[in-house]
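Structure data follow from run.cif (mmCIF, C-alpha atoms):
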data_work
#
loop_
_atom_site.label_atom_id
_atom_site.label_comp_id
_atom_site.auth_asym_id
_atom_site.auth_seq_id
_atom_site.Cartn_x
_atom_site.Cartn_y
_atom_site.Cartn_z
CA MET A 1276 105.75 85.98 108.15
CA THR A 1277 106.63 89.35 106.63
CA ILE A 1278 103.79 91.69 105.65
CA VAL A 1279 104.77 94.14 102.94
CA LEU A 1280 102.87 97.29 101.98
CA ILE A 1281 103.70 98.84 98.61
CA THR A 1282 102.23 102.24 97.83
CA GLY A 1283 101.49 103.24 94.25
CA ALA A 1284 101.37 99.59 93.24
CA ASP A 1285 98.42 99.53 90.86
CA LYS A 1286 100.79 99.72 87.87
CA GLY A 1287 104.40 99.93 86.75
CA ILE A 1288 107.30 99.12 89.06
CA GLY A 1289 105.11 98.94 92.15
CA PHE A 1290 102.83 96.39 90.50
CA GLU A 1291 105.77 94.27 89.37
CA THR A 1292 107.39 94.47 92.81
CA ALA A 1293 104.17 93.22 94.39
CA ARG A 1294 103.81 90.43 91.84
CA ARG A 1295 107.35 89.18 92.40
CA LEU A 1296 107.10 89.32 96.18
CA THR A 1297 103.85 87.39 96.07
CA ASP A 1298 105.64 84.70 94.05
CA LEU A 1299 108.13 84.55 96.92
CA VAL A 1300 105.31 83.78 99.36
CA HIS A 1301 105.31 87.10 101.18
CA PRO A 1302 101.94 88.46 102.32
CA VAL A 1303 101.66 91.62 100.22
CA TRP A 1304 99.29 94.55 100.38
CA ILE A 1305 99.23 97.05 97.56
CA GLY A 1306 98.23 100.66 97.99
CA ALA A 1307 96.54 102.71 95.29
CA ARG A 1308 94.97 106.15 95.15
CA ASP A 1309 92.29 105.10 92.67
CA ALA A 1310 89.93 102.48 94.11
CA GLN A 1311 89.08 100.76 90.84
CA ARG A 1312 92.69 100.52 89.70
CA GLY A 1313 93.68 99.21 93.10
CA GLN A 1314 91.02 96.52 93.09
CA ASP A 1315 91.81 95.51 89.51
CA ALA A 1316 95.54 95.23 90.23
CA ALA A 1317 94.93 93.26 93.43
CA ASP A 1318 92.69 90.84 91.54
CA VAL A 1319 95.35 90.26 88.88
CA ILE A 1320 98.17 89.67 91.37
CA GLY A 1321 96.07 87.87 93.97
CA VAL A 1322 96.76 90.16 96.93
CA LYS A 1323 94.85 92.48 99.23
CA TRP A 1324 94.74 96.19 98.61
CA VAL A 1325 94.12 99.40 100.51
CA GLN A 1326 93.24 102.84 99.24
CA ILE A 1327 95.99 105.34 100.04
CA ASP A 1328 96.88 108.80 98.81
CA VAL A 1329 100.38 109.67 100.05
CA THR A 1330 99.62 113.37 99.70
CA ALA A 1331 96.82 113.23 102.30
CA ASP A 1332 97.37 112.56 106.01
CA HIS A 1333 93.87 111.25 106.63
CA SER A 1334 94.20 108.74 103.78
CA ILE A 1335 97.52 107.45 105.12
CA ALA A 1336 96.13 107.14 108.66
CA ALA A 1337 93.14 105.15 107.45
CA ALA A 1338 95.29 102.85 105.33
CA MET A 1339 97.73 102.21 108.16
CA ALA A 1340 94.89 101.38 110.53
CA THR A 1341 93.72 98.74 108.05
CA ILE A 1342 97.21 97.26 107.70
CA GLU A 1343 97.78 97.33 111.46
CA ALA A 1344 94.60 95.32 111.98
CA ALA A 1345 96.10 92.70 109.66
CA GLY A 1346 99.32 92.57 111.70
CA GLY A 1347 101.65 94.69 109.61
CA PRO A 1348 103.40 96.16 107.83
CA ASP A 1349 106.87 94.78 108.51
CA VAL A 1350 108.27 96.44 105.41
CA LEU A 1351 107.01 99.60 103.76
CA VAL A 1352 107.85 100.27 100.10
CA ASP A 1353 107.18 103.95 99.41
CA ASN A 1354 106.67 103.46 95.70
CA ALA A 1355 104.21 106.28 94.90
CA VAL A 1356 105.93 108.56 92.39
CA ILE A 1357 105.33 111.13 89.68
CA PRO A 1358 107.08 110.36 86.36
CA PRO A 1359 110.19 112.43 85.58
CA HIS A 1360 109.28 115.76 84.04
CA GLU A 1361 109.88 119.46 84.56
CA PRO A 1362 106.57 120.97 85.71
CA LEU A 1363 105.49 124.48 84.84
CA GLY A 1364 104.36 127.14 87.27
CA ASP A 1365 102.98 125.93 90.57
CA ASP A 1366 102.81 122.33 89.33
CA TRP A 1367 106.26 121.80 90.85
CA PHE A 1368 104.54 121.43 94.20
CA ASP A 1369 102.83 118.22 93.05
CA VAL A 1370 106.25 116.62 92.47
CA PHE A 1371 107.51 117.53 95.93
CA ASN A 1372 104.18 116.73 97.57
CA THR A 1373 104.28 113.17 96.24
CA HIS A 1374 107.99 112.40 96.42
CA THR A 1375 109.24 114.32 99.44
CA ARG A 1376 106.23 115.06 101.63
CA GLY A 1377 104.82 111.65 100.68
CA VAL A 1378 107.86 109.94 102.19
CA VAL A 1379 107.55 112.02 105.35
CA ARG A 1380 103.83 111.35 105.65
CA THR A 1381 104.12 107.60 105.21
CA GLN A 1382 106.58 107.45 108.06
CA ALA A 1383 103.37 107.48 110.08
CA ALA A 1384 103.70 103.70 109.55
CA LEU A 1385 106.90 103.56 111.59
CA PRO A 1386 105.27 102.54 114.88
CA LEU A 1387 104.18 99.38 113.09
CA PRO A 1388 107.55 98.22 111.64
CA ARG A 1389 109.14 98.91 115.02
CA ASN A 1390 107.22 95.87 116.29
CA SER A 1391 108.66 93.62 113.57
CA ASP A 1392 111.61 91.22 113.86
CA ASN A 1393 112.98 92.53 110.57
CA PRO A 1394 111.55 95.98 109.82
CA GLY A 1395 112.44 97.95 106.74
CA VAL A 1396 111.53 100.92 104.56
CA VAL A 1397 112.39 101.11 100.86
CA ASN A 1398 112.17 104.53 99.22
CA PRO A 1399 112.08 105.20 95.47
CA ALA A 1400 115.14 107.23 94.57
CA SER A 1401 116.91 108.44 91.46
CA SER A 1402 120.51 108.86 90.43
CA LEU A 1403 119.34 112.30 89.25
CA GLY A 1404 119.20 113.09 92.95
CA SER A 1405 122.79 112.02 93.62
CA PHE A 1406 125.33 114.85 93.77
CA GLY A 1407 128.05 112.25 93.31
CA VAL A 1408 126.54 111.08 90.00
CA VAL A 1409 125.24 114.27 88.37
CA THR A 1410 128.52 116.15 88.92
CA LYS A 1411 130.52 113.64 86.89
CA PRO A 1412 130.72 114.69 83.20
CA ASP A 1413 131.10 111.07 82.07
CA LYS A 1414 127.73 110.15 83.57
CA THR A 1415 124.60 110.38 81.41
CA GLN A 1416 122.71 111.87 84.36
CA SER A 1417 124.92 114.97 84.22
CA GLN A 1418 123.37 115.82 80.85
CA PHE A 1419 119.78 116.00 82.13
CA ALA A 1420 118.41 119.40 83.13
CA SER A 1421 116.25 117.84 85.82
CA GLY A 1422 115.85 120.68 88.28
CA ILE A 1423 112.55 119.98 90.02
CA TYR A 1424 112.38 116.19 89.69
CA GLY A 1425 116.05 115.73 90.54
CA THR A 1426 115.86 118.05 93.53
CA SER A 1427 112.83 116.22 94.92
CA LYS A 1428 114.88 113.03 94.76
CA VAL A 1429 117.81 114.70 96.56
CA ALA A 1430 115.38 115.24 99.42
CA VAL A 1431 114.23 111.60 99.29
CA ALA A 1432 117.84 110.44 99.45
CA MET A 1433 118.63 112.65 102.44
CA LEU A 1434 115.43 111.61 104.24
CA SER A 1435 116.36 107.95 103.74
CA LEU A 1436 119.82 108.54 105.14
CA ARG A 1437 118.70 110.63 108.11
CA TYR A 1438 115.87 108.26 109.01
CA SER A 1439 118.38 105.40 109.00
CA MET A 1440 120.44 107.31 111.54
CA ALA A 1441 117.46 108.20 113.73
CA GLU A 1442 115.78 104.76 113.64
CA ARG A 1443 118.58 102.27 114.20
CA THR A 1444 116.25 99.27 114.46
CA ILE A 1445 114.70 99.87 111.02
CA LYS A 1446 116.57 99.47 107.73
CA PHE A 1447 116.05 102.46 105.44
CA ASN A 1448 117.32 102.11 101.89
CA ALA A 1449 116.77 104.14 98.74
CA VAL A 1450 116.59 102.39 95.37
CA GLU A 1451 117.15 103.77 91.89
CA PRO A 1452 115.17 101.44 89.58
CA GLY A 1453 116.86 102.74 86.44
CA TYR A 1454 115.26 104.24 83.37
CA THR A 1455 112.17 102.09 82.87
CA ASN A 1456 109.65 101.43 80.12
CA THR A 1457 106.56 102.07 82.23
CA ASP A 1458 103.32 103.22 80.64
CA SER A 1459 104.28 106.85 81.34
CA LYS A 1460 107.47 106.51 79.26
CA ALA A 1461 106.36 104.07 76.59
CA ALA A 1462 107.22 106.47 73.78
CA MET A 1463 110.79 107.01 74.97
CA PRO A 1464 113.27 104.29 73.86
CA GLY A 1465 116.15 102.79 75.78
CA GLY A 1466 114.52 101.90 79.07
CA HIS A 1467 114.71 98.73 81.12
CA PRO A 1468 111.74 96.37 81.19
CA VAL A 1469 109.75 96.78 84.38
CA THR A 1470 110.70 93.23 85.37
CA ASP A 1471 114.33 94.35 85.67
CA SER A 1472 113.58 97.64 87.38
CA ALA A 1473 111.61 96.01 90.20
CA ARG A 1474 114.58 93.85 91.17
CA GLY A 1475 116.22 96.45 93.40
CA ALA A 1476 113.14 97.01 95.55
CA VAL A 1477 112.53 93.26 95.85
CA GLU A 1478 116.11 92.67 96.99
CA ARG A 1479 115.83 95.43 99.61
CA VAL A 1480 112.56 94.02 100.94
CA LEU A 1481 114.21 90.60 101.33
CA LEU A 1482 117.25 91.85 103.24
CA PRO A 1483 118.09 89.89 106.40
CA ALA A 1484 117.86 91.58 109.79
CA GLU A 1485 121.58 92.33 109.72
CA GLY A 1486 121.38 93.77 106.19
CA PRO A 1487 122.60 97.22 105.15
CA THR A 1488 120.80 100.45 105.94
CA GLY A 1489 121.24 104.03 104.80
CA THR A 1490 122.21 103.17 101.22
CA LEU A 1491 121.33 104.42 97.73
CA VAL A 1492 121.44 101.47 95.35
CA GLU A 1493 121.18 100.91 91.60
CA ASP A 1494 121.61 97.47 89.98
CA GLY A 1495 123.14 96.15 93.21
CA GLU A 1496 125.74 98.94 93.27
CA ILE A 1497 125.84 101.47 96.10
CA LEU A 1498 125.77 104.97 94.62
CA PRO A 1499 127.31 108.07 96.21
CA TRP A 1500 124.88 110.47 97.85
#

Let me see whether you can do it: turn the structure in this file into C-alpha cells.
Amino acid sequence: MTIVLITGADKGIGFETARRLTDLVHPVWIGARDAQRGQDAADVIGVKWVQIDVTADHSIAAAMATIEAAGGPDVLVDNAVIPPHEPLGDDWFDVFNTHTRGVVRTQAALPLPRNSDNPGVVNPASSLGSFGVVTKPDKTQSQFASGIYGTSKVAVAMLSLRYSMAERTIKFNAVEPGYTNTDSKAAMPGGHPVTDSARGAVERVLLPAEGPTGTLVEDGEILPW
C-alpha cells in the first residue's frame, strides 16, 4: 500500500493527479489551504483530505501529524503553486514563499517517507526555471520575461537535485506539467488539458523503487537543469 499526499489538490493539476491516482487504487490524501474547497474536492474524488498551508510551519506540522497517524505518506507531491505571473512590489515574496520556501517546509514530511519501502517526493517545476532551456533561442521559453516566477522555479529545481543527493533512499524528481488550461489561465489559449498535464506527476508517483531520482522531466523527456 502506498499512501500519497498531494498539496494544493483542491483544483487544477493537483486535483486531477489525485483523481487519477485514486483510479489506480492508491490511498490518496489531498491537501488544501481552504477548508471548504478541500472538503468539496475530497467529496468529489472520494478521498480523505487535510488542511495544509505550505507557507506556514504550524500548518504543515499539524497536517503531517494527521497523515502520520494514518500510516503515511510514502510519496509527497508538493503541488501547491502560484500561477505564472510577474508580481509587483513586495508581492514577489508570495511567489517564493509558496514555491521555494514551501518545498523546504514540506520536507518536514521526510521522516515519514524514510520509513517507506518506496519513498518519493515530486516537486512542481517549470522549464522556465531551466537554464538549459531558456538560453536556447529556438525554445519558446526563451521569449518569456519571467524573472520572478522563473527564478523561483530555478530554486525548486536545485532543491530537488540537492535533496536527491542528500537523501539517497528517497527519490526526488521535479516535473514540468506544461502550459495548462487551469482555471487561472482559462483566458489564455494554447494550453494542454489538465488531464494531460497531470500525467507527469502520476508517472513519478508510480516509479518503482529502483526508478530515477534527481531529474527534471516534461512529457517523459528529461530536461537539462

The PyMOL selection byres ((chain A and resi 1398) around 12) - which residues does that actually catch in the file I just gave you? List them as a tab-separated table (two decimals) with C-alpha atoms, in the frame of the given file.
chain	number	residue	atom	x	y	z
A	1281	ILE	CA	103.70	98.84	98.61
A	1282	THR	CA	102.23	102.24	97.83
A	1283	GLY	CA	101.49	103.24	94.25
A	1289	GLY	CA	105.11	98.94	92.15
A	1350	VAL	CA	108.27	96.44	105.41
A	1351	LEU	CA	107.01	99.60	103.76
A	1352	VAL	CA	107.85	100.27	100.10
A	1353	ASP	CA	107.18	103.95	99.41
A	1354	ASN	CA	106.67	103.46	95.70
A	1355	ALA	CA	104.21	106.28	94.90
A	1356	VAL	CA	105.93	108.56	92.39
A	1374	HIS	CA	107.99	112.40	96.42
A	1375	THR	CA	109.24	114.32	99.44
A	1377	GLY	CA	104.82	111.65	100.68
A	1378	VAL	CA	107.86	109.94	102.19
A	1379	VAL	CA	107.55	112.02	105.35
A	1381	THR	CA	104.12	107.60	105.21
A	1382	GLN	CA	106.58	107.45	108.06
A	1395	GLY	CA	112.44	97.95	106.74
A	1396	VAL	CA	111.53	100.92	104.56
A	1397	VAL	CA	112.39	101.11	100.86
A	1399	PRO	CA	112.08	105.20	95.47
A	1400	ALA	CA	115.14	107.23	94.57
A	1401	SER	CA	116.91	108.44	91.46
A	1428	LYS	CA	114.88	113.03	94.76
A	1429	VAL	CA	117.81	114.70	96.56
A	1430	ALA	CA	115.38	115.24	99.42
A	1431	VAL	CA	114.23	111.60	99.29
A	1432	ALA	CA	117.84	110.44	99.45
A	1433	MET	CA	118.63	112.65	102.44
A	1434	LEU	CA	115.43	111.61	104.24
A	1435	SER	CA	116.36	107.95	103.74
A	1436	LEU	CA	119.82	108.54	105.14
A	1438	TYR	CA	115.87	108.26	109.01
A	1439	SER	CA	118.38	105.40	109.00
A	1446	LYS	CA	116.57	99.47	107.73
A	1447	PHE	CA	116.05	102.46	105.44
A	1448	ASN	CA	117.32	102.11	101.89
A	1449	ALA	CA	116.77	104.14	98.74
A	1450	VAL	CA	116.59	102.39	95.37
A	1451	GLU	CA	117.15	103.77	91.89
A	1452	PRO	CA	115.17	101.44	89.58
A	1475	GLY	CA	116.22	96.45	93.40
A	1476	ALA	CA	113.14	97.01	95.55
A	1477	VAL	CA	112.53	93.26	95.85
A	1479	ARG	CA	115.83	95.43	99.61
A	1480	VAL	CA	112.56	94.02	100.94
A	1488	THR	CA	120.80	100.45	105.94
A	1489	GLY	CA	121.24	104.03	104.80
A	1490	THR	CA	122.21	103.17	101.22
A	1491	LEU	CA	121.33	104.42	97.73
A	1492	VAL	CA	121.44	101.47	95.35

*Report as a ChimeraX atom specification the residues that result from applying the PyMOL selection byres ((chain A and resi 1341-1348) around 7) to the structure here.*
/A:1278-1280,1337-1340,1349-1351,1387-1388

How about saving the chosen residues, C-alpha atoms kept, as a CSV table (one decimal), in the frame of the given file?
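Result file is out_39.csv:
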chain,number,residue,atom,x,y,z
A,1278,ILE,CA,103.8,91.7,105.6
A,1279,VAL,CA,104.8,94.1,102.9
A,1280,LEU,CA,102.9,97.3,102.0
A,1337,ALA,CA,93.1,105.2,107.4
A,1338,ALA,CA,95.3,102.8,105.3
A,1339,MET,CA,97.7,102.2,108.2
A,1340,ALA,CA,94.9,101.4,110.5
A,1349,ASP,CA,106.9,94.8,108.5
A,1350,VAL,CA,108.3,96.4,105.4
A,1351,LEU,CA,107.0,99.6,103.8
A,1387,LEU,CA,104.2,99.4,113.1
A,1388,PRO,CA,107.6,98.2,111.6

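Between CA of Val1319 (chain A) and CA of Arg1380 (chain A) the interatomic distance comes to 28.2 Å.
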
*Distance query region 1410-1425 of chain A at most 8 Å, all atoms listed in the file, self and fewer than 3 positions along chain excluded, as a PyMOL selection string*: chain A and resi 1359-1362+1367+1370+1401-1404+1406-1407+1428-1429

Just write the chosen residues, C-alpha atoms, as an mmCIF file, keeping the file's coordinate frame.
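As written to disk, selection12.cif reads:
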data_model
loop_
_atom_site.group_PDB
_atom_site.id
_atom_site.type_symbol
_atom_site.label_atom_id
_atom_site.label_comp_id
_atom_site.auth_asym_id
_atom_site.auth_seq_id
_atom_site.Cartn_x
_atom_site.Cartn_y
_atom_site.Cartn_z
ATOM 1 C CA PRO A 1359 110.190 112.430 85.580
ATOM 2 C CA HIS A 1360 109.280 115.760 84.040
ATOM 3 C CA GLU A 1361 109.880 119.460 84.560
ATOM 4 C CA PRO A 1362 106.570 120.970 85.710
ATOM 5 C CA TRP A 1367 106.260 121.800 90.850
ATOM 6 C CA VAL A 1370 106.250 116.620 92.470
ATOM 7 C CA SER A 1401 116.910 108.440 91.460
ATOM 8 C CA SER A 1402 120.510 108.860 90.430
ATOM 9 C CA LEU A 1403 119.340 112.300 89.250
ATOM 10 C CA GLY A 1404 119.200 113.090 92.950
ATOM 11 C CA PHE A 1406 125.330 114.850 93.770
ATOM 12 C CA GLY A 1407 128.050 112.250 93.310
ATOM 13 C CA LYS A 1428 114.880 113.030 94.760
ATOM 14 C CA VAL A 1429 117.810 114.700 96.560
#

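Minimum atom-to-atom distances from A:Asp1298, A:Asp1309, A:Asp1315, A:Asp1392 to Ile1445 (chain A) were compared using only C-alpha atoms, and the lowest value belongs to A:Asp1392.
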
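For the atom pair formed by CA of Glu1485 (chain A) and CA of Arg1389 (chain A), the distance is 15.0 Å, given to one decimal.
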
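Proximity ranking of A:Val1303, A:Ala1473, A:Ala1331, A:Leu1481 relative to Glu1493 (chain A) places A:Ala1473 first, based on only C-alpha atoms.
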
_Expected answer as a list of chain:residue names: all residues with atoms within 8 Å of (100.5, 114.1, 99.9), all atoms listed in the file_ = A:Asp1328, A:Val1329, A:Thr1330, A:Ala1331, A:Asp1332, A:Asn1372, A:Thr1373, A:Arg1376, A:Gly1377, A:Arg1380

*Which value, in Å to one decimal, gives the distance between CA of Pro1499 (chain A) and CA of Ala1284 (chain A)?*
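We find that CA of Pro1499 (chain A) and CA of Ala1284 (chain A) lie 27.5 Å from each other.
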
What are the centre and the three edge lengths of an axis-aligned box that wraps all atoms of region 1344-1362 of chain A in the file, given that 4 Å is added to every side, written as lines of an AutoDock Vina configuration file and rounded to one decimal in Å?
center_x = 102.4
center_y = 106.8
center_z = 98.0
size_x = 23.6
size_y = 36.4
size_z = 35.9

Can you sort out region 1406-1417 of chain A so it carries all heavy atoms, written as a PDB file, in the frame of the given file?
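The resulting out_33.pdb:
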ATOM      1  N   PHE A1406     124.304 113.875  94.114  1.00  0.00           N
ATOM      2  CA  PHE A1406     125.330 114.850  93.770  1.00  0.00           C
ATOM      3  C   PHE A1406     126.556 114.153  93.200  1.00  0.00           C
ATOM      4  O   PHE A1406     127.216 114.657  92.292  1.00  0.00           O
ATOM      5  CB  PHE A1406     125.737 115.650  95.020  1.00  0.00           C
ATOM      6  CG  PHE A1406     124.757 116.707  95.417  1.00  0.00           C
ATOM      7  CD1 PHE A1406     123.814 116.459  96.399  1.00  0.00           C
ATOM      8  CD2 PHE A1406     124.754 117.949  94.807  1.00  0.00           C
ATOM      9  CE1 PHE A1406     122.895 117.426  96.777  1.00  0.00           C
ATOM     10  CE2 PHE A1406     123.847 118.930  95.171  1.00  0.00           C
ATOM     11  CZ  PHE A1406     122.907 118.676  96.172  1.00  0.00           C
ATOM     12  N   GLY A1407     126.869 112.975  93.751  1.00  0.00           N
ATOM     13  CA  GLY A1407     128.050 112.250  93.310  1.00  0.00           C
ATOM     14  C   GLY A1407     127.956 111.749  91.883  1.00  0.00           C
ATOM     15  O   GLY A1407     128.979 111.514  91.234  1.00  0.00           O
ATOM     16  N   VAL A1408     126.728 111.562  91.370  1.00  0.00           N
ATOM     17  CA  VAL A1408     126.540 111.080  90.000  1.00  0.00           C
ATOM     18  C   VAL A1408     126.404 112.245  89.020  1.00  0.00           C
ATOM     19  O   VAL A1408     127.079 112.290  87.987  1.00  0.00           O
ATOM     20  CB  VAL A1408     125.311 110.160  89.901  1.00  0.00           C
ATOM     21  CG1 VAL A1408     124.998 109.814  88.443  1.00  0.00           C
ATOM     22  CG2 VAL A1408     125.534 108.884  90.713  1.00  0.00           C
ATOM     23  N   VAL A1409     125.536 113.212  89.340  1.00  0.00           N
ATOM     24  CA  VAL A1409     125.240 114.270  88.370  1.00  0.00           C
ATOM     25  C   VAL A1409     126.391 115.259  88.189  1.00  0.00           C
ATOM     26  O   VAL A1409     126.396 116.032  87.227  1.00  0.00           O
ATOM     27  CB  VAL A1409     123.950 115.038  88.752  1.00  0.00           C
ATOM     28  CG1 VAL A1409     122.766 114.091  88.814  1.00  0.00           C
ATOM     29  CG2 VAL A1409     124.118 115.785  90.069  1.00  0.00           C
ATOM     30  N   THR A1410     127.366 115.236  89.074  1.00  0.00           N
ATOM     31  CA  THR A1410     128.520 116.150  88.920  1.00  0.00           C
ATOM     32  C   THR A1410     129.674 115.522  88.161  1.00  0.00           C
ATOM     33  O   THR A1410     130.715 116.152  87.993  1.00  0.00           O
ATOM     34  CB  THR A1410     129.024 116.610  90.313  1.00  0.00           C
ATOM     35  OG1 THR A1410     129.339 115.463  91.114  1.00  0.00           O
ATOM     36  CG2 THR A1410     127.969 117.462  91.017  1.00  0.00           C
ATOM     37  N   LYS A1411     129.477 114.293  87.679  1.00  0.00           N
ATOM     38  CA  LYS A1411     130.520 113.640  86.890  1.00  0.00           C
ATOM     39  C   LYS A1411     130.187 113.755  85.398  1.00  0.00           C
ATOM     40  O   LYS A1411     129.178 113.213  84.943  1.00  0.00           O
ATOM     41  CB  LYS A1411     130.648 112.176  87.289  1.00  0.00           C
ATOM     42  CG  LYS A1411     131.202 111.979  88.701  1.00  0.00           C
ATOM     43  CD  LYS A1411     131.399 110.506  89.008  1.00  0.00           C
ATOM     44  CE  LYS A1411     132.013 110.328  90.397  1.00  0.00           C
ATOM     45  NZ  LYS A1411     132.227 108.902  90.724  1.00  0.00           N
ATOM     46  N   PRO A1412     131.021 114.458  84.628  1.00  0.00           N
ATOM     47  CA  PRO A1412     130.720 114.690  83.200  1.00  0.00           C
ATOM     48  C   PRO A1412     130.566 113.413  82.394  1.00  0.00           C
ATOM     49  O   PRO A1412     129.881 113.417  81.360  1.00  0.00           O
ATOM     50  CB  PRO A1412     131.936 115.497  82.725  1.00  0.00           C
ATOM     51  CG  PRO A1412     132.482 116.133  83.959  1.00  0.00           C
ATOM     52  CD  PRO A1412     132.247 115.129  85.052  1.00  0.00           C
ATOM     53  N   ASP A1413     131.181 112.307  82.838  1.00  0.00           N
ATOM     54  CA  ASP A1413     131.100 111.070  82.070  1.00  0.00           C
ATOM     55  C   ASP A1413     129.798 110.309  82.332  1.00  0.00           C
ATOM     56  O   ASP A1413     129.540 109.298  81.686  1.00  0.00           O
ATOM     57  CB  ASP A1413     132.293 110.160  82.382  1.00  0.00           C
ATOM     58  CG  ASP A1413     132.367 109.777  83.848  1.00  0.00           C
ATOM     59  OD1 ASP A1413     132.029 110.617  84.701  1.00  0.00           O
ATOM     60  OD2 ASP A1413     132.752 108.630  84.144  1.00  0.00           O
ATOM     61  N   LYS A1414     128.999 110.798  83.260  1.00  0.00           N
ATOM     62  CA  LYS A1414     127.730 110.150  83.570  1.00  0.00           C
ATOM     63  C   LYS A1414     126.596 110.765  82.746  1.00  0.00           C
ATOM     64  O   LYS A1414     126.490 111.988  82.619  1.00  0.00           O
ATOM     65  CB  LYS A1414     127.399 110.299  85.057  1.00  0.00           C
ATOM     66  CG  LYS A1414     128.351 109.562  85.985  1.00  0.00           C
ATOM     67  CD  LYS A1414     128.202 108.058  85.849  1.00  0.00           C
ATOM     68  CE  LYS A1414     129.033 107.330  86.895  1.00  0.00           C
ATOM     69  NZ  LYS A1414     128.897 105.856  86.778  1.00  0.00           N
ATOM     70  N   THR A1415     125.742 109.896  82.205  1.00  0.00           N
ATOM     71  CA  THR A1415     124.600 110.380  81.410  1.00  0.00           C
ATOM     72  C   THR A1415     123.727 111.322  82.212  1.00  0.00           C
ATOM     73  O   THR A1415     123.185 112.295  81.683  1.00  0.00           O
ATOM     74  CB  THR A1415     123.770 109.175  80.933  1.00  0.00           C
ATOM     75  OG1 THR A1415     124.604 108.280  80.196  1.00  0.00           O
ATOM     76  CG2 THR A1415     122.613 109.635  80.056  1.00  0.00           C
ATOM     77  N   GLN A1416     123.596 111.056  83.513  1.00  0.00           N
ATOM     78  CA  GLN A1416     122.710 111.870  84.360  1.00  0.00           C
ATOM     79  C   GLN A1416     123.149 113.329  84.410  1.00  0.00           C
ATOM     80  O   GLN A1416     122.330 114.209  84.675  1.00  0.00           O
ATOM     81  CB  GLN A1416     122.673 111.295  85.775  1.00  0.00           C
ATOM     82  CG  GLN A1416     121.976 109.951  85.877  1.00  0.00           C
ATOM     83  CD  GLN A1416     122.932 108.786  85.642  1.00  0.00           C
ATOM     84  OE1 GLN A1416     123.989 108.945  85.026  1.00  0.00           O
ATOM     85  NE2 GLN A1416     122.564 107.618  86.124  1.00  0.00           N
ATOM     86  N   SER A1417     124.430 113.597  84.170  1.00  0.00           N
ATOM     87  CA  SER A1417     124.920 114.970  84.220  1.00  0.00           C
ATOM     88  C   SER A1417     124.406 115.803  83.042  1.00  0.00           C
ATOM     89  O   SER A1417     124.507 117.035  83.056  1.00  0.00           O
ATOM     90  CB  SER A1417     126.448 114.998  84.232  1.00  0.00           C
ATOM     91  OG  SER A1417     126.975 114.555  82.988  1.00  0.00           O
TER      92      SER A1417
END
